[in-house]
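Have a look at run.cif below; it lists mmCIF, N, CA and C atoms.
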data_entry
#
loop_
_atom_site.label_atom_id
_atom_site.label_comp_id
_atom_site.auth_asym_id
_atom_site.auth_seq_id
_atom_site.Cartn_x
_atom_site.Cartn_y
_atom_site.Cartn_z
N MET Q 1 0.85 -1.17 0.00
CA MET Q 1 0.00 0.00 0.00
C MET Q 1 0.90 1.24 0.00
N ILE Q 2 0.52 2.23 -0.79
CA ILE Q 2 1.34 3.43 -0.90
C ILE Q 2 0.65 4.61 -0.22
N ALA Q 3 1.42 5.66 0.00
CA ALA Q 3 0.95 6.82 0.76
C ALA Q 3 -0.29 7.46 0.15
N GLU Q 4 -0.34 7.55 -1.16
CA GLU Q 4 -1.46 8.19 -1.84
C GLU Q 4 -2.80 7.55 -1.44
N GLU Q 5 -2.79 6.26 -1.19
CA GLU Q 5 -4.00 5.53 -0.82
C GLU Q 5 -4.43 5.80 0.63
N LEU Q 6 -3.56 6.42 1.41
CA LEU Q 6 -3.85 6.65 2.83
C LEU Q 6 -4.20 8.09 3.15
N ILE Q 7 -4.43 8.90 2.14
CA ILE Q 7 -4.75 10.31 2.38
C ILE Q 7 -6.11 10.41 3.06
N ASN Q 8 -6.14 11.14 4.17
CA ASN Q 8 -7.37 11.38 4.90
C ASN Q 8 -7.99 12.65 4.33
N GLN Q 9 -9.09 12.51 3.62
CA GLN Q 9 -9.72 13.63 2.93
C GLN Q 9 -10.47 14.58 3.87
N THR Q 10 -10.67 14.19 5.11
CA THR Q 10 -11.46 15.02 6.02
C THR Q 10 -10.66 16.10 6.73
N ILE Q 11 -9.35 15.94 6.83
CA ILE Q 11 -8.54 16.90 7.57
C ILE Q 11 -8.10 18.03 6.62
N PRO Q 12 -8.54 19.24 6.91
CA PRO Q 12 -8.20 20.36 6.02
C PRO Q 12 -6.81 20.93 6.34
N ALA Q 13 -6.28 21.66 5.39
CA ALA Q 13 -5.00 22.35 5.59
C ALA Q 13 -5.26 23.83 5.83
N LEU Q 14 -4.45 24.40 6.70
CA LEU Q 14 -4.53 25.83 6.97
C LEU Q 14 -3.61 26.59 6.03
N LYS Q 15 -3.91 27.86 5.84
CA LYS Q 15 -3.04 28.75 5.06
C LYS Q 15 -2.42 29.75 6.02
N TYR Q 16 -1.34 30.39 5.58
CA TYR Q 16 -0.68 31.40 6.41
C TYR Q 16 -1.63 32.51 6.84
N THR Q 17 -2.61 32.82 6.02
CA THR Q 17 -3.51 33.94 6.29
C THR Q 17 -4.68 33.57 7.20
N ASP Q 18 -4.83 32.30 7.54
CA ASP Q 18 -5.92 31.88 8.42
C ASP Q 18 -5.65 32.33 9.86
N ALA Q 19 -6.72 32.62 10.57
CA ALA Q 19 -6.61 33.03 11.97
C ALA Q 19 -6.37 31.81 12.86
N ALA Q 20 -5.66 32.04 13.96
CA ALA Q 20 -5.39 30.98 14.91
C ALA Q 20 -6.69 30.42 15.49
N GLU Q 21 -7.68 31.27 15.63
CA GLU Q 21 -8.97 30.83 16.15
C GLU Q 21 -9.60 29.77 15.23
N LYS Q 22 -9.47 29.95 13.94
CA LYS Q 22 -9.98 28.98 12.97
C LYS Q 22 -9.30 27.63 13.17
N ALA Q 23 -8.00 27.66 13.41
CA ALA Q 23 -7.25 26.42 13.63
C ALA Q 23 -7.75 25.69 14.87
N ILE Q 24 -7.98 26.42 15.94
CA ILE Q 24 -8.48 25.79 17.18
C ILE Q 24 -9.86 25.17 16.95
N ILE Q 25 -10.71 25.87 16.23
CA ILE Q 25 -12.05 25.34 15.94
C ILE Q 25 -11.95 24.07 15.11
N TRP Q 26 -11.09 24.09 14.09
CA TRP Q 26 -10.93 22.90 13.25
C TRP Q 26 -10.32 21.74 14.03
N MET Q 27 -9.37 22.02 14.91
CA MET Q 27 -8.76 20.95 15.71
C MET Q 27 -9.81 20.28 16.59
N GLU Q 28 -10.68 21.08 17.16
CA GLU Q 28 -11.74 20.52 17.98
C GLU Q 28 -12.72 19.72 17.13
N GLU Q 29 -13.07 20.26 15.97
CA GLU Q 29 -14.04 19.61 15.09
C GLU Q 29 -13.52 18.28 14.54
N PHE Q 30 -12.24 18.25 14.17
CA PHE Q 30 -11.67 17.04 13.57
C PHE Q 30 -10.92 16.17 14.58
N LYS Q 31 -11.00 16.54 15.85
CA LYS Q 31 -10.42 15.76 16.94
C LYS Q 31 -8.94 15.44 16.71
N THR Q 32 -8.18 16.50 16.52
CA THR Q 32 -6.74 16.37 16.35
C THR Q 32 -6.05 17.52 17.06
N ASN Q 33 -4.81 17.35 17.42
CA ASN Q 33 -4.03 18.40 18.07
C ASN Q 33 -3.09 19.08 17.10
N GLN Q 34 -3.09 18.64 15.86
CA GLN Q 34 -2.20 19.20 14.84
C GLN Q 34 -2.98 19.39 13.55
N LEU Q 35 -2.55 20.40 12.78
CA LEU Q 35 -3.10 20.60 11.45
C LEU Q 35 -1.96 21.00 10.51
N PRO Q 36 -2.05 20.58 9.25
CA PRO Q 36 -1.01 20.96 8.29
C PRO Q 36 -1.20 22.41 7.85
N VAL Q 37 -0.09 23.04 7.51
CA VAL Q 37 -0.11 24.41 7.00
C VAL Q 37 0.53 24.39 5.61
N ILE Q 38 -0.15 25.01 4.65
CA ILE Q 38 0.37 25.08 3.29
C ILE Q 38 0.44 26.53 2.83
N ASP Q 39 1.30 26.77 1.87
CA ASP Q 39 1.40 28.07 1.23
C ASP Q 39 1.60 27.83 -0.25
N LYS Q 40 0.65 28.25 -1.05
CA LYS Q 40 0.70 28.04 -2.50
C LYS Q 40 0.91 26.57 -2.86
N LYS Q 41 0.12 25.71 -2.23
CA LYS Q 41 0.12 24.26 -2.46
C LYS Q 41 1.39 23.55 -1.98
N VAL Q 42 2.23 24.23 -1.21
CA VAL Q 42 3.47 23.64 -0.70
C VAL Q 42 3.33 23.44 0.81
N PHE Q 43 3.63 22.24 1.29
CA PHE Q 43 3.57 21.93 2.71
C PHE Q 43 4.66 22.71 3.44
N LYS Q 44 4.26 23.43 4.50
CA LYS Q 44 5.21 24.25 5.27
C LYS Q 44 5.47 23.73 6.66
N GLY Q 45 4.62 22.86 7.16
CA GLY Q 45 4.81 22.32 8.51
C GLY Q 45 3.47 22.08 9.18
N LEU Q 46 3.55 21.81 10.47
CA LEU Q 46 2.35 21.56 11.26
C LEU Q 46 2.24 22.61 12.35
N VAL Q 47 1.02 22.96 12.66
CA VAL Q 47 0.77 23.84 13.80
C VAL Q 47 0.03 23.00 14.84
N THR Q 48 0.40 23.19 16.10
CA THR Q 48 -0.23 22.42 17.18
C THR Q 48 -1.09 23.33 18.05
N GLU Q 49 -1.94 22.70 18.79
CA GLU Q 49 -2.80 23.44 19.71
C GLU Q 49 -1.95 24.18 20.74
N ASP Q 50 -0.89 23.54 21.23
CA ASP Q 50 -0.01 24.17 22.22
C ASP Q 50 0.64 25.44 21.68
N ILE Q 51 1.09 25.40 20.43
CA ILE Q 51 1.73 26.58 19.82
C ILE Q 51 0.75 27.74 19.78
N ILE Q 52 -0.48 27.46 19.41
CA ILE Q 52 -1.49 28.51 19.30
C ILE Q 52 -1.85 29.07 20.67
N LEU Q 53 -2.05 28.17 21.63
CA LEU Q 53 -2.48 28.62 22.96
C LEU Q 53 -1.36 29.29 23.74
N ASP Q 54 -0.10 28.98 23.44
CA ASP Q 54 1.02 29.64 24.10
C ASP Q 54 1.04 31.13 23.79
N GLY Q 55 0.66 31.49 22.58
CA GLY Q 55 0.63 32.90 22.20
C GLY Q 55 -0.51 33.66 22.86
N ASN Q 56 -1.54 32.93 23.30
CA ASN Q 56 -2.68 33.52 23.99
C ASN Q 56 -3.33 34.65 23.18
N ASN Q 57 -3.28 34.54 21.86
CA ASN Q 57 -3.89 35.55 21.00
C ASN Q 57 -4.47 34.84 19.79
N LEU Q 58 -5.76 34.59 19.82
CA LEU Q 58 -6.41 33.83 18.75
C LEU Q 58 -6.65 34.66 17.50
N ASP Q 59 -6.36 35.96 17.56
CA ASP Q 59 -6.51 36.81 16.38
C ASP Q 59 -5.29 36.76 15.47
N ARG Q 60 -4.20 36.20 15.95
CA ARG Q 60 -2.99 36.12 15.13
C ARG Q 60 -3.21 35.22 13.93
N GLN Q 61 -2.43 35.46 12.89
CA GLN Q 61 -2.49 34.61 11.71
C GLN Q 61 -1.54 33.43 11.88
N ILE Q 62 -1.83 32.34 11.19
CA ILE Q 62 -1.00 31.14 11.25
C ILE Q 62 0.43 31.45 10.79
N GLY Q 63 0.57 32.34 9.83
CA GLY Q 63 1.90 32.71 9.33
C GLY Q 63 2.78 33.36 10.37
N ASP Q 64 2.18 33.87 11.46
CA ASP Q 64 2.95 34.51 12.53
C ASP Q 64 3.44 33.52 13.57
N LEU Q 65 3.00 32.28 13.48
CA LEU Q 65 3.35 31.26 14.47
C LEU Q 65 4.54 30.43 14.00
N LYS Q 66 5.26 29.86 14.96
CA LYS Q 66 6.38 28.97 14.63
C LYS Q 66 5.82 27.58 14.38
N LEU Q 67 6.04 27.07 13.18
CA LEU Q 67 5.55 25.75 12.81
C LEU Q 67 6.56 24.68 13.21
N ILE Q 68 6.07 23.48 13.34
CA ILE Q 68 6.94 22.34 13.64
C ILE Q 68 6.87 21.35 12.47
N ALA Q 69 7.75 20.39 12.48
CA ALA Q 69 7.72 19.24 11.56
C ALA Q 69 7.71 19.65 10.09
N GLU Q 70 8.58 20.58 9.73
CA GLU Q 70 8.65 21.02 8.34
C GLU Q 70 9.06 19.88 7.40
N GLN Q 71 9.77 18.90 7.92
CA GLN Q 71 10.22 17.76 7.11
C GLN Q 71 9.34 16.53 7.29
N CYS Q 72 8.17 16.70 7.85
CA CYS Q 72 7.28 15.58 8.16
C CYS Q 72 6.35 15.30 6.98
N TYR Q 73 6.94 14.79 5.91
CA TYR Q 73 6.15 14.48 4.72
C TYR Q 73 6.78 13.31 3.97
N VAL Q 74 5.97 12.67 3.14
CA VAL Q 74 6.44 11.59 2.27
C VAL Q 74 5.91 11.86 0.86
N ASN Q 75 6.53 11.24 -0.11
CA ASN Q 75 6.03 11.33 -1.48
C ASN Q 75 4.85 10.38 -1.64
N GLU Q 76 4.01 10.68 -2.59
CA GLU Q 76 2.78 9.93 -2.80
C GLU Q 76 2.99 8.46 -3.11
N ASP Q 77 4.16 8.09 -3.63
CA ASP Q 77 4.41 6.71 -4.02
C ASP Q 77 5.23 5.93 -3.00
N GLN Q 78 5.46 6.51 -1.82
CA GLN Q 78 6.22 5.79 -0.79
C GLN Q 78 5.32 4.80 -0.06
N HIS Q 79 5.95 3.79 0.52
CA HIS Q 79 5.25 2.71 1.21
C HIS Q 79 4.71 3.19 2.55
N LEU Q 80 3.67 2.52 3.04
CA LEU Q 80 3.07 2.93 4.31
C LEU Q 80 4.03 2.82 5.48
N LEU Q 81 5.03 1.95 5.39
CA LEU Q 81 6.01 1.87 6.47
C LEU Q 81 6.87 3.12 6.53
N ASP Q 82 7.05 3.80 5.40
CA ASP Q 82 7.76 5.08 5.40
C ASP Q 82 6.97 6.13 6.16
N ILE Q 83 5.67 6.07 6.08
CA ILE Q 83 4.82 7.01 6.82
C ILE Q 83 5.02 6.81 8.32
N ILE Q 84 5.06 5.57 8.74
CA ILE Q 84 5.26 5.27 10.16
C ILE Q 84 6.63 5.76 10.62
N ARG Q 85 7.64 5.54 9.81
CA ARG Q 85 9.01 5.97 10.16
C ARG Q 85 9.07 7.49 10.30
N ILE Q 86 8.50 8.21 9.34
CA ILE Q 86 8.53 9.67 9.38
C ILE Q 86 7.72 10.19 10.58
N ALA Q 87 6.58 9.60 10.85
CA ALA Q 87 5.77 10.01 12.00
C ALA Q 87 6.54 9.85 13.30
N ARG Q 88 7.28 8.75 13.41
CA ARG Q 88 8.08 8.52 14.61
C ARG Q 88 9.22 9.52 14.71
N GLU Q 89 9.92 9.74 13.60
CA GLU Q 89 11.04 10.68 13.59
C GLU Q 89 10.60 12.10 13.94
N CYS Q 90 9.42 12.48 13.48
CA CYS Q 90 8.91 13.84 13.72
C CYS Q 90 8.07 13.93 15.00
N ASP Q 91 7.81 12.79 15.63
CA ASP Q 91 6.94 12.72 16.79
C ASP Q 91 5.62 13.43 16.49
N SER Q 92 4.98 12.98 15.43
CA SER Q 92 3.79 13.64 14.92
C SER Q 92 2.66 12.63 14.72
N GLU Q 93 1.43 13.11 14.87
CA GLU Q 93 0.27 12.25 14.59
C GLU Q 93 -0.18 12.37 13.15
N LEU Q 94 0.33 13.36 12.42
CA LEU Q 94 0.01 13.56 11.01
C LEU Q 94 1.29 13.54 10.19
N VAL Q 95 1.19 12.97 8.99
CA VAL Q 95 2.29 13.02 8.02
C VAL Q 95 1.70 13.53 6.72
N ALA Q 96 2.31 14.59 6.19
CA ALA Q 96 1.84 15.17 4.94
C ALA Q 96 2.27 14.29 3.77
N ILE Q 97 1.46 14.29 2.73
CA ILE Q 97 1.76 13.53 1.51
C ILE Q 97 1.83 14.53 0.37
N VAL Q 98 2.95 14.49 -0.34
CA VAL Q 98 3.17 15.44 -1.45
C VAL Q 98 3.43 14.66 -2.73
N ASN Q 99 3.20 15.34 -3.88
CA ASN Q 99 3.48 14.68 -5.15
C ASN Q 99 4.92 14.94 -5.57
N ARG Q 100 5.30 14.47 -6.74
CA ARG Q 100 6.69 14.62 -7.21
C ARG Q 100 7.11 16.07 -7.40
N ASP Q 101 6.14 16.96 -7.63
CA ASP Q 101 6.43 18.38 -7.79
C ASP Q 101 6.49 19.11 -6.46
N GLY Q 102 6.28 18.39 -5.36
CA GLY Q 102 6.30 18.99 -4.04
C GLY Q 102 4.99 19.63 -3.62
N GLU Q 103 3.93 19.42 -4.39
CA GLU Q 103 2.63 19.99 -4.05
C GLU Q 103 1.92 19.11 -3.02
N TYR Q 104 1.31 19.77 -2.07
CA TYR Q 104 0.60 19.10 -0.98
C TYR Q 104 -0.64 18.39 -1.51
N LEU Q 105 -0.81 17.12 -1.13
CA LEU Q 105 -1.98 16.34 -1.54
C LEU Q 105 -2.93 16.08 -0.38
N GLY Q 106 -2.39 15.98 0.81
CA GLY Q 106 -3.20 15.69 1.98
C GLY Q 106 -2.34 15.15 3.10
N VAL Q 107 -2.97 14.62 4.13
CA VAL Q 107 -2.24 14.04 5.26
C VAL Q 107 -2.75 12.64 5.55
N SER Q 108 -1.92 11.90 6.23
CA SER Q 108 -2.32 10.59 6.75
C SER Q 108 -2.16 10.64 8.27
N ARG Q 109 -3.18 10.21 8.96
CA ARG Q 109 -3.10 10.13 10.42
C ARG Q 109 -2.46 8.81 10.80
N ASN Q 110 -1.80 8.77 11.93
CA ASN Q 110 -1.23 7.51 12.42
C ASN Q 110 -2.31 6.45 12.55
N GLU Q 111 -3.47 6.86 12.97
CA GLU Q 111 -4.61 5.95 13.12
C GLU Q 111 -4.98 5.29 11.78
N ASP Q 112 -4.98 6.09 10.71
CA ASP Q 112 -5.30 5.57 9.38
C ASP Q 112 -4.25 4.57 8.92
N THR Q 113 -3.00 4.88 9.20
CA THR Q 113 -1.91 4.01 8.79
C THR Q 113 -1.97 2.68 9.53
N LEU Q 114 -2.26 2.73 10.82
CA LEU Q 114 -2.36 1.49 11.59
C LEU Q 114 -3.55 0.64 11.15
N LYS Q 115 -4.65 1.29 10.78
CA LYS Q 115 -5.80 0.55 10.26
C LYS Q 115 -5.44 -0.12 8.93
N ALA Q 116 -4.65 0.54 8.11
CA ALA Q 116 -4.24 -0.04 6.83
C ALA Q 116 -3.37 -1.27 7.05
N ILE Q 117 -2.48 -1.19 8.04
CA ILE Q 117 -1.64 -2.35 8.34
C ILE Q 117 -2.50 -3.51 8.84
N ALA Q 118 -3.44 -3.19 9.72
CA ALA Q 118 -4.31 -4.23 10.29
C ALA Q 118 -5.17 -4.90 9.23
N SER Q 119 -5.54 -4.17 8.20
CA SER Q 119 -6.40 -4.75 7.17
C SER Q 119 -5.62 -5.37 6.00
N SER Q 120 -4.31 -5.31 6.07
CA SER Q 120 -3.51 -5.87 4.99
C SER Q 120 -3.59 -7.41 5.01
N LEU Q 121 -3.34 -7.99 3.87
CA LEU Q 121 -3.40 -9.44 3.76
C LEU Q 121 -2.44 -10.16 4.69
N ALA Q 122 -1.29 -9.57 4.90
CA ALA Q 122 -0.29 -10.20 5.74
C ALA Q 122 -0.80 -10.42 7.15
N VAL Q 123 -1.64 -9.54 7.63
CA VAL Q 123 -2.16 -9.66 8.98
C VAL Q 123 -3.45 -10.45 9.01
N GLN Q 124 -4.32 -10.27 8.01
CA GLN Q 124 -5.63 -10.90 7.99
C GLN Q 124 -5.60 -12.36 7.54
N GLY Q 125 -4.67 -12.71 6.68
CA GLY Q 125 -4.65 -14.05 6.12
C GLY Q 125 -4.26 -15.09 7.15
N GLN Q 126 -4.79 -16.29 6.93
CA GLN Q 126 -4.44 -17.38 7.82
C GLN Q 126 -3.02 -17.81 7.50
N GLY Q 127 -2.37 -18.25 8.47
CA GLY Q 127 -0.98 -18.67 8.28
C GLY Q 127 -0.67 -19.83 9.19
N GLY Q 128 0.53 -20.21 9.16
CA GLY Q 128 0.95 -21.31 9.99
C GLY Q 128 2.42 -21.19 10.29
N ILE Q 129 2.87 -22.02 11.18
CA ILE Q 129 4.28 -22.03 11.55
C ILE Q 129 4.83 -23.39 11.14
N LEU Q 130 5.90 -23.36 10.44
CA LEU Q 130 6.56 -24.58 10.00
C LEU Q 130 7.85 -24.72 10.79
N VAL Q 131 7.99 -25.85 11.46
CA VAL Q 131 9.18 -26.09 12.27
C VAL Q 131 10.01 -27.15 11.58
N LEU Q 132 11.24 -26.81 11.29
CA LEU Q 132 12.16 -27.77 10.69
C LEU Q 132 13.15 -28.24 11.74
N GLU Q 133 13.32 -29.54 11.80
CA GLU Q 133 14.30 -30.09 12.72
C GLU Q 133 15.40 -30.75 11.90
N MET Q 134 16.60 -30.46 12.29
CA MET Q 134 17.75 -31.08 11.61
C MET Q 134 18.88 -31.23 12.61
N ARG Q 135 19.80 -32.06 12.22
CA ARG Q 135 20.96 -32.26 13.09
C ARG Q 135 21.80 -30.99 13.09
N TYR Q 136 22.46 -30.76 14.18
CA TYR Q 136 23.26 -29.55 14.33
C TYR Q 136 24.35 -29.46 13.26
N MET Q 137 24.95 -30.58 12.90
CA MET Q 137 26.03 -30.54 11.92
C MET Q 137 25.53 -30.33 10.48
N ASP Q 138 24.20 -30.45 10.25
CA ASP Q 138 23.64 -30.19 8.94
C ASP Q 138 23.17 -28.75 8.77
N TYR Q 139 23.20 -28.02 9.84
CA TYR Q 139 22.71 -26.64 9.81
C TYR Q 139 23.80 -25.71 9.28
N SER Q 140 23.41 -24.84 8.35
CA SER Q 140 24.37 -23.84 7.87
C SER Q 140 23.64 -22.58 7.50
#
Serialized structure, C-alpha cells:
Amino acid sequence: MIAEELINQTIPALKYTDAAEKAIIWMEEFKTNQLPVIDKKVFKGLVTEDIILDGNNLDRQIGDLKLIAEQCYVNEDQHLLDIIRIARECDSELVAIVNRDGEYLGVSRNEDTLKAIASSLAVQGQGGILVLEMRYMDYS
C-alpha cells in the first residue's frame, strides 16, 4: 500500500492567512491536536494546539506562528512503512503527503496508517508455523 492511498480527505490544511482561532475550531471539530499548513500548495509544517495557545492571542495569523515538523512528509508513491518511520522521527500524529512536484496532496493520520496495516493481507490471512528439525552438523 502506498501513501497516496492513505490520504485522509477530512482533515483540512490551513493557510498562512488563516486566523489561529480557525485552527483551534478545526482541531476541535476534527479531533486532532495538529493541522497541516500550506502556502501556494506547498507543505510548510504543522501547527499544534499548544503553539497557538502559548501565544494567547487567537486573532494572530498562522503565518505569525512557529511551525513544527517542516520535514514531516512523504512522497505519494512511498510505502506505508515510510509514513510510520517519518511520524516517529517527527513525533507527529500527522504526516503530509506530497506529489513529485512537491505539491501538498493531503495528510495521513497515524490511526489511518495502523488501520491499513491491520487490514492488509499479511495480517488478515491465515498462516501457519513450519518447524524444521535437523541435526546440528547439517545446519548452515
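For the set Q:Cys72, Q:Met27, Q:Asp59, Q:Glu103, the residue with the smallest atom-to-atom gap to Asp39 (chain Q) is Q:Glu103, counting only C-alpha atoms.
Going from atom N of Glu28 (chain Q) to CA of Glu49 (chain Q) covers 8.6 Å.
Computed from the coordinates, the CA of Tyr73 (chain Q) to CA of Glu89 (chain Q) distance equals 10.8 Å.
For the pair CA of Ile25 (chain Q) and atom C of Ile51 (chain Q), the interatomic distance is 13.6 Å.
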Counting only C-alpha atoms, what is within 9 Å of Leu58 (chain Q), bar same-chain residues fewer than 3 positions away, as an mmCIF file with N, CA and C atoms, in the coordinates of the input?
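Resulting contents of selection_25.cif:
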data_model
loop_
_atom_site.group_PDB
_atom_site.id
_atom_site.type_symbol
_atom_site.label_atom_id
_atom_site.label_comp_id
_atom_site.auth_asym_id
_atom_site.auth_seq_id
_atom_site.Cartn_x
_atom_site.Cartn_y
_atom_site.Cartn_z
ATOM 1 N N ALA Q 19 -6.720 32.620 10.570
ATOM 2 C CA ALA Q 19 -6.610 33.030 11.970
ATOM 3 C C ALA Q 19 -6.370 31.810 12.860
ATOM 4 N N ALA Q 20 -5.660 32.040 13.960
ATOM 5 C CA ALA Q 20 -5.390 30.980 14.910
ATOM 6 C C ALA Q 20 -6.690 30.420 15.490
ATOM 7 N N GLU Q 21 -7.680 31.270 15.630
ATOM 8 C CA GLU Q 21 -8.970 30.830 16.150
ATOM 9 C C GLU Q 21 -9.600 29.770 15.230
ATOM 10 N N LYS Q 22 -9.470 29.950 13.940
ATOM 11 C CA LYS Q 22 -9.980 28.980 12.970
ATOM 12 C C LYS Q 22 -9.300 27.630 13.170
ATOM 13 N N ILE Q 24 -7.980 26.420 15.940
ATOM 14 C CA ILE Q 24 -8.480 25.790 17.180
ATOM 15 C C ILE Q 24 -9.860 25.170 16.950
ATOM 16 N N ILE Q 52 -0.480 27.460 19.410
ATOM 17 C CA ILE Q 52 -1.490 28.510 19.300
ATOM 18 C C ILE Q 52 -1.850 29.070 20.670
ATOM 19 N N LEU Q 53 -2.050 28.170 21.630
ATOM 20 C CA LEU Q 53 -2.480 28.620 22.960
ATOM 21 C C LEU Q 53 -1.360 29.290 23.740
ATOM 22 N N GLY Q 55 0.660 31.490 22.580
ATOM 23 C CA GLY Q 55 0.630 32.900 22.200
ATOM 24 C C GLY Q 55 -0.510 33.660 22.860
ATOM 25 N N GLN Q 61 -2.430 35.460 12.890
ATOM 26 C CA GLN Q 61 -2.490 34.610 11.710
ATOM 27 C C GLN Q 61 -1.540 33.430 11.880
#
Quiz item: Out of Q:Leu132, Q:Leu14, Q:Met1, Q:Ala87, which residue has the shortest atom-to-atom distance to Leu67 (chain Q) when counting only C-alpha atoms?
Solution: Q:Leu14
Take every atom of region 131-140 of chain Q listed in the file, pad by 4 Å on each side, and give me the axis-aligned box centre and edge lengths in Å, one decimal, as lines of an AutoDock Vina configuration file.
center_x = 17.0
center_y = -27.4
center_z = 10.9
size_x = 26.0
size_y = 17.7
size_z = 14.8
Among region 13-124 of chain Q, which ones does DSSP place in strand (DSSP E), written as a compact mmCIF listing (two decimals) with N, CA and C atoms, in the coordinates of the input?
# COMPACT_ATOMS: atom_id res chain seq x y z
N LEU Q 14 -4.45 24.40 6.70
CA LEU Q 14 -4.53 25.83 6.97
C LEU Q 14 -3.61 26.59 6.03
N LYS Q 15 -3.91 27.86 5.84
CA LYS Q 15 -3.04 28.75 5.06
C LYS Q 15 -2.42 29.75 6.02
N GLN Q 34 -3.09 18.64 15.86
CA GLN Q 34 -2.20 19.20 14.84
C GLN Q 34 -2.98 19.39 13.55
N LEU Q 35 -2.55 20.40 12.78
CA LEU Q 35 -3.10 20.60 11.45
C LEU Q 35 -1.96 21.00 10.51
N PRO Q 36 -2.05 20.58 9.25
CA PRO Q 36 -1.01 20.96 8.29
C PRO Q 36 -1.20 22.41 7.85
N VAL Q 37 -0.09 23.04 7.51
CA VAL Q 37 -0.11 24.41 7.00
C VAL Q 37 0.53 24.39 5.61
N ILE Q 38 -0.15 25.01 4.65
CA ILE Q 38 0.37 25.08 3.29
C ILE Q 38 0.44 26.53 2.83
N ASP Q 39 1.30 26.77 1.87
CA ASP Q 39 1.40 28.07 1.23
C ASP Q 39 1.60 27.83 -0.25
N VAL Q 42 2.23 24.23 -1.21
CA VAL Q 42 3.47 23.64 -0.70
C VAL Q 42 3.33 23.44 0.81
N PHE Q 43 3.63 22.24 1.29
CA PHE Q 43 3.57 21.93 2.71
C PHE Q 43 4.66 22.71 3.44
N LYS Q 44 4.26 23.43 4.50
CA LYS Q 44 5.21 24.25 5.27
C LYS Q 44 5.47 23.73 6.66
N GLY Q 45 4.62 22.86 7.16
CA GLY Q 45 4.81 22.32 8.51
C GLY Q 45 3.47 22.08 9.18
N LEU Q 46 3.55 21.81 10.47
CA LEU Q 46 2.35 21.56 11.26
C LEU Q 46 2.24 22.61 12.35
N VAL Q 47 1.02 22.96 12.66
CA VAL Q 47 0.77 23.84 13.80
C VAL Q 47 0.03 23.00 14.84
N THR Q 48 0.40 23.19 16.10
CA THR Q 48 -0.23 22.42 17.18
C THR Q 48 -1.09 23.33 18.05
N TYR Q 73 6.94 14.79 5.91
CA TYR Q 73 6.15 14.48 4.72
C TYR Q 73 6.78 13.31 3.97
N VAL Q 74 5.97 12.67 3.14
CA VAL Q 74 6.44 11.59 2.27
C VAL Q 74 5.91 11.86 0.86
N ASN Q 75 6.53 11.24 -0.11
CA ASN Q 75 6.03 11.33 -1.48
C ASN Q 75 4.85 10.38 -1.64
N LEU Q 94 0.33 13.36 12.42
CA LEU Q 94 0.01 13.56 11.01
C LEU Q 94 1.29 13.54 10.19
N VAL Q 95 1.19 12.97 8.99
CA VAL Q 95 2.29 13.02 8.02
C VAL Q 95 1.70 13.53 6.72
N ALA Q 96 2.31 14.59 6.19
CA ALA Q 96 1.84 15.17 4.94
C ALA Q 96 2.27 14.29 3.77
N ILE Q 97 1.46 14.29 2.73
CA ILE Q 97 1.76 13.53 1.51
C ILE Q 97 1.83 14.53 0.37
N VAL Q 98 2.95 14.49 -0.34
CA VAL Q 98 3.17 15.44 -1.45
C VAL Q 98 3.43 14.66 -2.73
N TYR Q 104 1.31 19.77 -2.07
CA TYR Q 104 0.60 19.10 -0.98
C TYR Q 104 -0.64 18.39 -1.51
N LEU Q 105 -0.81 17.12 -1.13
CA LEU Q 105 -1.98 16.34 -1.54
C LEU Q 105 -2.93 16.08 -0.38
N GLY Q 106 -2.39 15.98 0.81
CA GLY Q 106 -3.20 15.69 1.98
C GLY Q 106 -2.34 15.15 3.10
N VAL Q 107 -2.97 14.62 4.13
CA VAL Q 107 -2.24 14.04 5.26
C VAL Q 107 -2.75 12.64 5.55
N SER Q 108 -1.92 11.90 6.23
CA SER Q 108 -2.32 10.59 6.75
C SER Q 108 -2.16 10.64 8.27
N ARG Q 109 -3.18 10.21 8.96
CA ARG Q 109 -3.10 10.13 10.42
C ARG Q 109 -2.46 8.81 10.80
Practice problem: Step by step, work through what the PyMOL selection byres ((chain Q and resi 43) around 8) selects in the shown file, and finish by giving those residues as a ChimeraX atom specification. | Solution: /Q:36-42,44-46,69-71,96-98,102-105
Self-check item: Close residues, Glu4 (chain Q) itself excluded, 6 Å, all atoms listed in the file, min 3 positions apart in chain, as a PyMOL selection string
Solution: chain Q and resi 7+75-78
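Restricting the calculation to all atoms listed in the file, the smallest distance between Glu93 (chain Q) and any of Q:Asp64, Q:Asn33, Q:Asn8, Q:Tyr136 is found for Q:Asn33.
In terms of minimum interatomic distance to Leu6 (chain Q), Q:Val107 ranks closest within Q:Ala23, Q:Leu65, Q:Val131, Q:Val107, counting only N, CA and C atoms.
DSSP secondary structure from the backbone places Ile62, Gly63, Asp64, Leu80, Leu81, Asp82, Ile83, Ile84, Arg85, Ile86, Ala87, Arg88, Glu89 and Cys90 of chain Q of region 56-102 of chain Q in helix (DSSP H, G or I).
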Considering all atoms listed in the file, give me a table of residues in region 9-94 of chain Q that are at most 7 Å from region 109-121 of chain Q, with the closest atom pair and distance in Å for each, as a Markdown table.
| residue | atom | partner | partner_atom | distance |
| --- | --- | --- | --- | --- |
| Q:Leu80 | CA | Q:Thr113 | CA | 6.8 |
| Q:Ser92 | C | Q:Asn110 | N | 6.5 |
| Q:Glu93 | C | Q:Asn110 | N | 4.1 |
| Q:Leu94 | CA | Q:Arg109 | CA | 4.7 |
